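**Student:** Contents of input13.txt (compact mmCIF, C-alpha atoms and all ligand atoms) are given next:
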# COMPACT_ATOMS: atom_id res chain seq x y z
CA MET V 1 146.90 405.25 -50.11
CA SER V 2 148.94 404.24 -53.16
CA GLU V 3 149.85 407.01 -55.61
CA GLY V 4 147.26 407.21 -58.41
CA ALA V 5 144.89 404.61 -56.92
CA LEU V 6 141.15 405.39 -56.77
CA LEU V 7 140.53 402.79 -54.06
CA SER V 8 142.88 401.23 -51.51
CA VAL V 9 141.70 398.44 -49.23
CA ARG V 10 144.03 398.20 -46.25
CA ASP V 11 144.17 395.26 -43.80
CA VAL V 12 140.43 394.74 -43.72
CA ALA V 13 138.96 391.96 -41.58
CA LYS V 14 135.35 390.84 -41.33
CA SER V 15 133.49 388.28 -39.20
CA PHE V 16 129.75 387.72 -39.03
CA VAL V 17 128.23 387.40 -35.58
CA MET V 18 125.15 385.17 -35.60
CA HIS V 19 123.03 386.81 -32.90
CA LEU V 20 120.23 384.27 -33.27
CA ARG V 21 122.73 381.41 -32.83
CA ASP V 22 124.15 382.27 -29.39
CA GLY V 23 126.47 384.85 -30.92
CA VAL V 24 128.48 382.30 -32.92
CA VAL V 25 131.27 384.16 -34.75
CA LEU V 26 131.98 383.28 -38.39
CA PRO V 27 135.32 384.75 -39.49
CA VAL V 28 135.27 385.39 -43.25
CA VAL V 29 138.26 387.45 -44.40
CA ALA V 30 141.33 389.02 -42.78
CA ASN V 31 144.28 391.12 -43.98
CA VAL V 32 142.47 392.09 -47.21
CA ARG V 33 144.78 394.48 -49.00
CA PHE V 34 144.69 395.68 -52.60
CA ASP V 35 144.58 398.81 -54.76
CA LEU V 36 142.40 399.70 -57.71
CA PHE V 37 143.76 402.01 -60.42
CA PRO V 38 141.96 403.88 -63.25
CA GLY V 39 141.24 401.76 -66.33
CA GLU V 40 141.74 398.37 -64.72
CA CYS V 41 139.23 395.59 -64.14
CA VAL V 42 140.20 393.60 -61.08
CA VAL V 43 138.34 390.31 -60.74
CA LEU V 44 137.80 388.74 -57.33
CA GLY V 45 138.31 384.99 -57.69
CA GLY V 46 138.28 381.93 -55.46
CA PRO V 47 135.84 379.21 -54.43
CA SER V 48 132.22 379.69 -53.42
CA GLY V 49 131.80 381.09 -49.92
CA VAL V 50 135.36 382.46 -49.71
CA GLY V 51 134.15 386.05 -49.26
CA LYS V 52 134.07 387.67 -52.74
CA SER V 53 130.61 389.26 -52.40
CA SER V 54 131.39 390.26 -48.81
CA ILE V 55 134.43 392.23 -50.01
CA LEU V 56 132.32 394.04 -52.63
CA ARG V 57 129.71 394.88 -50.01
CA MET V 58 132.35 396.21 -47.61
CA VAL V 59 133.81 398.40 -50.35
CA TYR V 60 130.32 399.77 -51.06
CA GLY V 61 129.68 400.40 -47.35
CA ASN V 62 126.88 397.81 -47.12
CA TYR V 63 128.76 395.71 -44.57
CA ALA V 64 130.60 397.27 -41.66
CA ILE V 65 134.22 396.19 -41.35
CA ASP V 66 135.83 394.99 -38.12
CA GLU V 67 139.35 396.21 -38.84
CA GLY V 68 141.29 398.14 -41.45
CA SER V 69 140.28 400.87 -43.88
CA VAL V 70 138.66 401.34 -47.27
CA LEU V 71 140.27 404.47 -48.71
CA VAL V 72 138.50 406.23 -51.57
CA ARG V 73 139.78 409.22 -53.54
CA ALA V 74 137.14 411.92 -54.02
CA PRO V 75 136.58 412.63 -57.75
CA GLU V 76 136.92 416.43 -57.73
CA SER V 77 139.06 417.35 -54.75
CA GLY V 78 141.29 414.25 -54.81
CA GLU V 79 140.83 414.12 -51.05
CA VAL V 80 141.20 410.63 -49.51
CA ARG V 81 138.37 409.44 -47.28
CA ASP V 82 137.96 406.25 -45.22
CA LEU V 83 134.66 404.48 -45.86
CA GLY V 84 135.63 401.87 -43.29
CA ALA V 85 134.97 404.34 -40.49
CA GLY V 86 131.26 403.68 -41.07
CA ASP V 87 129.99 407.28 -41.35
CA PRO V 88 126.61 406.92 -43.12
CA ARG V 89 126.75 410.45 -44.62
CA LEU V 90 130.14 409.68 -46.14
CA VAL V 91 128.80 406.39 -47.53
CA LEU V 92 125.92 408.24 -49.24
CA ALA V 93 128.22 410.97 -50.58
CA ILE V 94 130.62 408.41 -52.03
CA ARG V 95 127.76 406.48 -53.63
CA HIS V 96 126.58 409.70 -55.26
CA ASN V 97 129.75 410.50 -57.18
CA GLY V 98 132.48 408.04 -56.18
CA ILE V 99 131.42 404.40 -56.34
CA GLY V 100 128.70 402.76 -58.45
CA TYR V 101 127.44 399.23 -57.82
CA VAL V 102 125.57 396.70 -59.93
CA SER V 103 124.19 394.04 -57.62
CA GLN V 104 123.10 390.61 -58.83
CA PHE V 105 119.43 391.39 -58.50
CA LEU V 106 117.29 394.41 -59.26
CA ARG V 107 115.44 395.79 -56.28
CA ALA V 108 111.90 395.85 -57.66
CA VAL V 109 110.32 399.26 -57.11
CA PRO V 110 106.52 398.93 -57.37
CA ARG V 111 104.84 400.89 -60.17
CA VAL V 112 108.03 402.55 -61.44
CA SER V 113 108.77 401.78 -65.10
CA ALA V 114 112.05 400.28 -66.34
CA VAL V 115 112.98 403.48 -68.17
CA GLU V 116 112.37 405.62 -65.06
CA ILE V 117 114.46 403.25 -62.92
CA VAL V 118 117.35 403.60 -65.38
CA ALA V 119 116.96 407.39 -65.82
CA GLU V 120 116.71 408.13 -62.09
CA PRO V 121 120.47 408.29 -61.30
CA LEU V 122 120.83 410.94 -64.04
CA VAL V 123 117.78 412.94 -62.88
CA SER V 124 119.05 412.92 -59.29
CA ARG V 125 122.34 414.36 -60.59
CA GLY V 126 120.56 417.31 -62.17
CA ILE V 127 120.20 416.09 -65.77
CA ASP V 128 117.02 417.18 -67.50
CA ARG V 129 114.35 414.44 -67.37
CA THR V 130 113.77 414.40 -71.16
CA GLU V 131 117.46 413.88 -71.86
CA ALA V 132 117.80 411.34 -69.03
CA THR V 133 114.83 409.37 -70.39
CA ALA V 134 116.27 409.37 -73.92
CA ARG V 135 119.63 408.10 -72.65
CA ALA V 136 117.89 405.43 -70.56
CA ARG V 137 115.92 404.24 -73.60
CA ASP V 138 119.09 404.08 -75.70
CA MET V 139 120.86 402.00 -73.08
CA LEU V 140 117.92 399.60 -72.66
CA SER V 141 117.71 399.21 -76.45
CA ARG V 142 121.44 398.50 -76.63
CA LEU V 143 120.83 395.73 -74.07
CA ASN V 144 118.06 394.37 -76.34
CA LEU V 145 115.22 395.06 -73.91
CA PRO V 146 112.12 395.20 -76.17
CA GLU V 147 110.65 398.72 -76.43
CA THR V 148 107.26 397.40 -75.34
CA LEU V 149 108.82 396.71 -71.92
CA HIS V 150 110.50 400.11 -71.44
CA GLY V 151 107.36 401.70 -69.96
CA LEU V 152 106.44 398.77 -67.68
CA PRO V 153 107.54 398.11 -64.07
CA PRO V 154 110.11 395.26 -64.05
CA ALA V 155 108.33 393.25 -61.30
CA THR V 156 107.02 390.75 -63.87
CA PHE V 157 110.15 390.73 -66.10
CA SER V 158 112.25 387.59 -66.59
CA GLY V 159 115.50 387.19 -64.60
CA GLY V 160 117.62 388.27 -67.56
CA GLU V 161 115.37 391.26 -68.35
CA LYS V 162 115.59 392.47 -64.74
CA GLN V 163 119.34 392.03 -64.79
CA ARG V 164 119.60 394.17 -67.94
CA VAL V 165 117.55 396.95 -66.30
CA ASN V 166 119.92 396.75 -63.33
CA ILE V 167 122.99 396.92 -65.58
CA ALA V 168 121.59 399.89 -67.51
CA ARG V 169 120.96 401.76 -64.24
CA GLY V 170 124.46 401.00 -62.96
CA PHE V 171 126.23 401.92 -66.20
CA ILE V 172 124.33 405.13 -67.07
CA THR V 173 126.35 407.26 -64.64
CA ASP V 174 130.11 407.78 -64.74
CA HIS V 175 131.33 406.87 -61.28
CA PRO V 176 135.16 406.63 -61.16
CA VAL V 177 134.85 403.22 -59.44
CA LEU V 178 132.31 400.61 -60.49
CA LEU V 179 131.57 397.41 -58.55
CA LEU V 180 129.99 394.52 -60.47
CA ASP V 181 128.55 391.46 -58.70
CA GLU V 182 128.04 388.82 -61.41
CA PRO V 183 126.41 391.22 -63.87
CA THR V 184 126.04 388.58 -66.59
CA ALA V 185 124.80 385.62 -64.50
CA SER V 186 121.30 385.47 -66.06
CA LEU V 187 122.16 386.69 -69.56
CA ASP V 188 122.27 384.91 -72.93
CA ALA V 189 125.42 384.96 -75.08
CA GLU V 190 124.33 387.97 -77.16
CA ASN V 191 123.68 390.16 -74.12
CA ARG V 192 126.82 388.92 -72.39
CA ASP V 193 128.72 390.29 -75.38
CA VAL V 194 126.94 393.64 -75.08
CA VAL V 195 127.87 393.88 -71.40
CA THR V 196 131.46 392.85 -72.15
CA ALA V 197 131.65 395.69 -74.70
CA MET V 198 130.12 398.16 -72.23
CA ILE V 199 132.72 397.18 -69.61
CA GLY V 200 135.48 397.70 -72.20
CA GLU V 201 134.16 401.21 -72.96
CA LYS V 202 134.13 402.11 -69.26
CA LEU V 203 137.72 400.91 -68.88
CA ALA V 204 138.79 402.92 -71.94
CA ARG V 205 137.36 406.03 -70.25
CA GLY V 206 139.41 405.34 -67.11
CA THR V 207 136.78 403.80 -64.85
CA ALA V 208 138.25 401.41 -62.28
CA ILE V 209 136.18 398.20 -62.05
CA LEU V 210 136.15 395.61 -59.28
CA GLY V 211 133.97 392.61 -60.01
CA ILE V 212 132.91 389.01 -59.60
CA PHE V 213 132.35 387.06 -62.82
CA HIS V 214 131.55 383.38 -62.60
CA ASP V 215 131.15 383.30 -66.36
CA GLN V 216 134.60 382.32 -67.65
CA PRO V 217 134.48 383.83 -71.18
CA VAL V 218 133.35 387.19 -69.76
CA ARG V 219 135.98 387.03 -67.05
CA GLU V 220 138.72 386.32 -69.56
CA ALA V 221 137.52 389.12 -71.82
CA VAL V 222 137.39 391.83 -69.15
CA ALA V 223 139.92 390.99 -66.42
CA THR V 224 143.14 392.97 -66.34
CA ARG V 225 144.11 391.35 -63.00
CA THR V 226 142.71 388.66 -60.71
CA ILE V 227 142.87 388.57 -56.92
CA ASP V 228 142.42 385.16 -55.33
CA VAL V 229 140.33 385.87 -52.23
CA SER V 230 141.46 382.51 -50.71
CA ALA V 231 144.66 384.36 -49.77
CA PHE V 232 142.57 386.45 -47.34
CA SER V 233 140.57 383.55 -45.89
CA ALA V 234 140.17 384.05 -42.15
CA ARG V 235 139.10 380.43 -41.65
CA LYS V 236 142.29 379.10 -43.17
CA ALA V 237 144.31 381.40 -40.93
CA ALA V 238 142.29 380.53 -37.80
N1 LIG V 301 125.01 388.67 -43.94
C1 LIG V 301 125.66 387.55 -43.60
N2 LIG V 301 125.47 386.96 -42.41
C2 LIG V 301 126.12 385.84 -42.06
N3 LIG V 301 127.02 385.22 -42.86
C3 LIG V 301 127.25 385.76 -44.06
C4 LIG V 301 126.59 386.94 -44.50
N4 LIG V 301 127.04 387.25 -45.75
C5 LIG V 301 127.92 386.30 -46.06
N5 LIG V 301 128.06 385.39 -45.05
C6 LIG V 301 128.96 384.24 -45.01
O1 LIG V 301 130.25 384.68 -45.37
C7 LIG V 301 130.89 383.73 -46.23
C8 LIG V 301 131.32 384.41 -47.50
O2 LIG V 301 130.15 384.72 -48.28
P1 LIG V 301 130.24 385.48 -49.67
O3 LIG V 301 128.85 385.63 -50.19
O4 LIG V 301 131.07 386.70 -49.48
O5 LIG V 301 131.06 384.43 -50.54
P2 LIG V 301 131.36 384.38 -52.12
O6 LIG V 301 132.82 384.09 -52.26
O7 LIG V 301 130.86 385.62 -52.76
O8 LIG V 301 130.51 383.12 -52.56
P3 LIG V 301 129.76 382.73 -53.94
O9 LIG V 301 130.83 382.57 -54.97
O10 LIG V 301 129.10 381.43 -53.60
O11 LIG V 301 128.77 383.84 -54.23
C9 LIG V 301 129.91 382.58 -46.42
O12 LIG V 301 130.27 381.55 -45.54
C10 LIG V 301 128.57 383.19 -46.05
O13 LIG V 301 127.73 382.21 -45.49
Let me see the file written as C-alpha cells.
Ligand SMILES: Nc1ncnc2c1ncn2[C@@H]1O[C@H](COP(=O)(O)OP(=O)(O)OP(=O)(O)O)[C@@H](O)[C@H]1O

**Tutor:**
Amino acid sequence: MSEGALLSVRDVAKSFVMHLRDGVVLPVVANVRFDLFPGECVVLGGPSGVGKSSILRMVYGNYAIDEGSVLVRAPESGEVRDLGAGDPRLVLAIRHNGIGYVSQFLRAVPRVSAVEIVAEPLVSRGIDRTEATARARDMLSRLNLPETLHGLPPATFSGGEKQRVNIARGFITDHPVLLLDEPTASLDAENRDVVTAMIGEKLARGTAILGIFHDQPVREAVATRTIDVSAFSARKAA
C-alpha cells in the first residue's frame, strides 16, 4: 500500500457471470489500480457502462472481486486490511468506521422517519439519541428539507427529497473514506451548491472522497483528480 494512502486498489479485475443466460461471462474491468489520499476527491470518469459504479461497489465490498486487492488503512491502528478477500465481518467492520457510502437511491425503511434514518449512524456509534436527533435535524435543514417532513417516513418523498435524506445520512458520520455515487443527480441548483460545500468541508477535514458525478459543474467544483475508467476496460483489452 502506498505511503500515506487511506485506500489502495491493486490490480482488481471483475467479470459478471450471467447464470440465467447459460453462464455468459461479461468482463467489465481489469488491472484497476489507484490510490486515495486524505483530503482528495478522486472522480471516476468515462462513458456510460464502463464500470464506474462497479468500482465503487467493489471498494465498498458490495461486489466480490475476481482478482487483486482493495487495501484499506484502519483509522485507529493504521493496520492495512484487504477487503478484496471477501471476509463479511471485515466488510462490516470497515463500513462501521472506515468507509462511508452514499448510494444513488435511499433504501426506503417502512415507518422510520427521515430524522431517525439520518440520526441512526450516530446512535449506532454510541452518541446520545437527543444529540444525534438534533444533529440530524440541523443537517436536513441545511439541505433545505422542510421541517414538516423531518418526522415523516421518506417513502412518499420526491426523488430529490429522498436523495437529500440519503446525503444527510452519509455525511453525518466522519468516515476517513467516503464513496459518492452521483449524490446530486436529482437535486436543484441550490441544493447542488449545498452538497458541493459539504464535500469541500469534508475534504478540508482530511476525508478522502471517491465519487461519480455526472453533473459537470459539481464535478469541476469538487474534483482534485480524475481517473478515466476506460483505461481499465476489460472489453477493450479482450
Ligand atoms: N450486477 C450486475 N450484473 C450483471 N452485469 C452488471 C451488474 N452490474 C453492472 N453490470 C454491467 O457492468 C457494466 C458496467 O456497469 P456500471 O454500472 O459499473 O457502469 P457505469 O460506468 O457506472 O455506468 P453509468 O455511467 O451508465 O452509470 C455494464 O455493462 C453493466 O451492464

**Student:** Could you work out how far atom CA of Ala197 of chain V lies from atom CA of Thr173 of chain V, giving the answer in Å with one decimal?

**Tutor:** 16.2 Å

**Student:** Could you report the residues within 10 Å of ligand LIG 301 (chain V), using all atoms listed in the file, as a ChimeraX atom specification?

**Tutor:** /V:14-19,25-29,44-58,62-63,104,181-182,212-214,229-230,233,235

**Student:** One decimal, in Å: what's the spacing between atom CA of Arg73 of chain V and atom CA of His175 of chain V?

**Tutor:** 11.7 Å

**Student:** Please report the interatomic distance between atom CA of Ser103 of chain V and atom CA of Ala185 of chain V in Å with one decimal.

**Tutor:**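 Interatomic distance here is 10.9 Å.
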
**Student:** Looking at V:Met1, V:Leu7, V:Leu145, V:Ala119, which one is nearest to Val42 of chain V, with distances taken over all atoms listed in the file?

**Tutor:**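 Among the listed residues, V:Leu7 lies closest to Val42 of chain V.
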
**Student:** Given only C-alpha atoms as the basis, pick out the residue of V:Leu71, V:Met139, V:Ala64, V:Met198 nearest to Phe34 of chain V.

**Tutor:** V:Leu71

**Student:** Excluding Val218 of chain V and any residue of its chain fewer than 6 positions from it, enumerate the residues within 12 Å of it, using only C-alpha atoms, and give them as a PyMOL selection string.

**Tutor:** chain V and resi 41+43+182-185+187-200+211-212+224

**Student:** Go through V:Ala234, V:Val12, V:Leu36, V:Val118 and flag the residue nearest Val70 of chain V, using only C-alpha atoms for the distances.

**Tutor:**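 Selected residue with least distance to Val70 of chain V: V:Val12.
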
**Student:** Would you please work out which residue, of V:Ala168, V:Leu6, V:Ala221, V:Asp66, is nearest to Ile117 of chain V when using only C-alpha atoms?

**Tutor:**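 The closest residue to Ile117 of chain V is V:Ala168.
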
**Student:** Looking at V:Val80, V:Val24, V:Leu92, V:Val222, which one is nearest to Ala5 of chain V, with distances taken over all atoms listed in the file?

**Tutor:**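 Looking only at the distances to Ala5 of chain V, the closest residue turns out to be V:Val80.
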
**Student:** Would you mind putting N, CA and C atoms back on segment 94-127 of chain V and writing the result as a short mmCIF file (atom, residue, chain, number, x, y, z; two decimals), keeping the file's coordinate frame?

**Tutor:**
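Result written to part17.cif:
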data_model
loop_
_atom_site.label_atom_id
_atom_site.label_comp_id
_atom_site.auth_asym_id
_atom_site.auth_seq_id
_atom_site.Cartn_x
_atom_site.Cartn_y
_atom_site.Cartn_z
N ILE V 94 129.75 409.17 -51.13
CA ILE V 94 130.62 408.41 -52.03
C ILE V 94 129.80 407.64 -53.06
N ARG V 95 128.63 407.16 -52.65
CA ARG V 95 127.76 406.48 -53.63
C ARG V 95 127.24 407.45 -54.68
N HIS V 96 127.11 408.72 -54.30
CA HIS V 96 126.58 409.70 -55.26
C HIS V 96 127.57 409.91 -56.41
N ASN V 97 128.84 410.17 -56.07
CA ASN V 97 129.75 410.50 -57.18
C ASN V 97 131.06 409.70 -57.18
N GLY V 98 131.21 408.76 -56.24
CA GLY V 98 132.48 408.04 -56.18
C GLY V 98 132.41 406.59 -56.64
N ILE V 99 131.47 405.84 -56.07
CA ILE V 99 131.42 404.40 -56.34
C ILE V 99 130.03 403.98 -56.80
N GLY V 100 129.95 403.34 -57.96
CA GLY V 100 128.70 402.76 -58.45
C GLY V 100 128.72 401.25 -58.19
N TYR V 101 127.52 400.65 -58.18
CA TYR V 101 127.44 399.23 -57.82
C TYR V 101 126.30 398.58 -58.61
N VAL V 102 126.62 397.49 -59.28
CA VAL V 102 125.57 396.70 -59.93
C VAL V 102 125.47 395.39 -59.16
N SER V 103 124.38 395.25 -58.41
CA SER V 103 124.19 394.04 -57.62
C SER V 103 123.66 392.93 -58.54
N GLN V 104 123.57 391.72 -58.00
CA GLN V 104 123.10 390.61 -58.83
C GLN V 104 121.64 390.74 -59.19
N PHE V 105 120.87 391.35 -58.29
CA PHE V 105 119.43 391.39 -58.50
C PHE V 105 118.92 392.81 -58.42
N LEU V 106 117.93 393.10 -59.27
CA LEU V 106 117.29 394.41 -59.26
C LEU V 106 116.34 394.49 -58.07
N ARG V 107 116.43 395.59 -57.34
CA ARG V 107 115.44 395.79 -56.28
C ARG V 107 114.17 396.28 -56.94
N ALA V 108 113.12 395.47 -56.93
CA ALA V 108 111.90 395.85 -57.66
C ALA V 108 111.22 397.01 -56.93
N VAL V 109 111.01 398.10 -57.68
CA VAL V 109 110.32 399.26 -57.11
C VAL V 109 108.90 399.23 -57.68
N PRO V 110 107.87 399.07 -56.83
CA PRO V 110 106.52 398.93 -57.37
C PRO V 110 106.10 400.14 -58.21
N ARG V 111 105.46 399.87 -59.32
CA ARG V 111 104.84 400.89 -60.17
C ARG V 111 105.80 401.86 -60.86
N VAL V 112 107.10 401.67 -60.72
CA VAL V 112 108.03 402.55 -61.44
C VAL V 112 108.52 401.80 -62.68
N SER V 113 108.44 402.47 -63.85
CA SER V 113 108.77 401.78 -65.10
C SER V 113 110.28 401.56 -65.22
N ALA V 114 110.64 400.60 -66.10
CA ALA V 114 112.05 400.28 -66.34
C ALA V 114 112.82 401.53 -66.75
N VAL V 115 112.24 402.31 -67.66
CA VAL V 115 112.98 403.48 -68.17
C VAL V 115 113.18 404.52 -67.06
N GLU V 116 112.21 404.66 -66.18
CA GLU V 116 112.37 405.62 -65.06
C GLU V 116 113.43 405.13 -64.08
N ILE V 117 113.45 403.81 -63.84
CA ILE V 117 114.46 403.25 -62.92
C ILE V 117 115.86 403.53 -63.45
N VAL V 118 116.02 403.40 -64.77
CA VAL V 118 117.35 403.60 -65.38
C VAL V 118 117.71 405.09 -65.43
N ALA V 119 116.70 405.94 -65.68
CA ALA V 119 116.96 407.39 -65.82
C ALA V 119 117.21 408.06 -64.47
N GLU V 120 116.70 407.46 -63.40
CA GLU V 120 116.71 408.13 -62.09
C GLU V 120 118.10 408.61 -61.62
N PRO V 121 119.16 407.79 -61.75
CA PRO V 121 120.47 408.29 -61.30
C PRO V 121 120.90 409.56 -62.03
N LEU V 122 120.48 409.72 -63.32
CA LEU V 122 120.83 410.94 -64.04
C LEU V 122 119.99 412.11 -63.53
N VAL V 123 118.68 411.87 -63.35
CA VAL V 123 117.78 412.94 -62.88
C VAL V 123 118.25 413.44 -61.51
N SER V 124 118.64 412.50 -60.64
CA SER V 124 119.05 412.92 -59.29
C SER V 124 120.40 413.63 -59.31
N ARG V 125 121.09 413.59 -60.46
CA ARG V 125 122.34 414.36 -60.59
C ARG V 125 122.13 415.62 -61.41
N GLY V 126 120.86 416.01 -61.57
CA GLY V 126 120.56 417.31 -62.17
C GLY V 126 120.40 417.30 -63.68
N ILE V 127 120.38 416.12 -64.31
CA ILE V 127 120.20 416.09 -65.77
C ILE V 127 118.71 416.17 -66.08
#
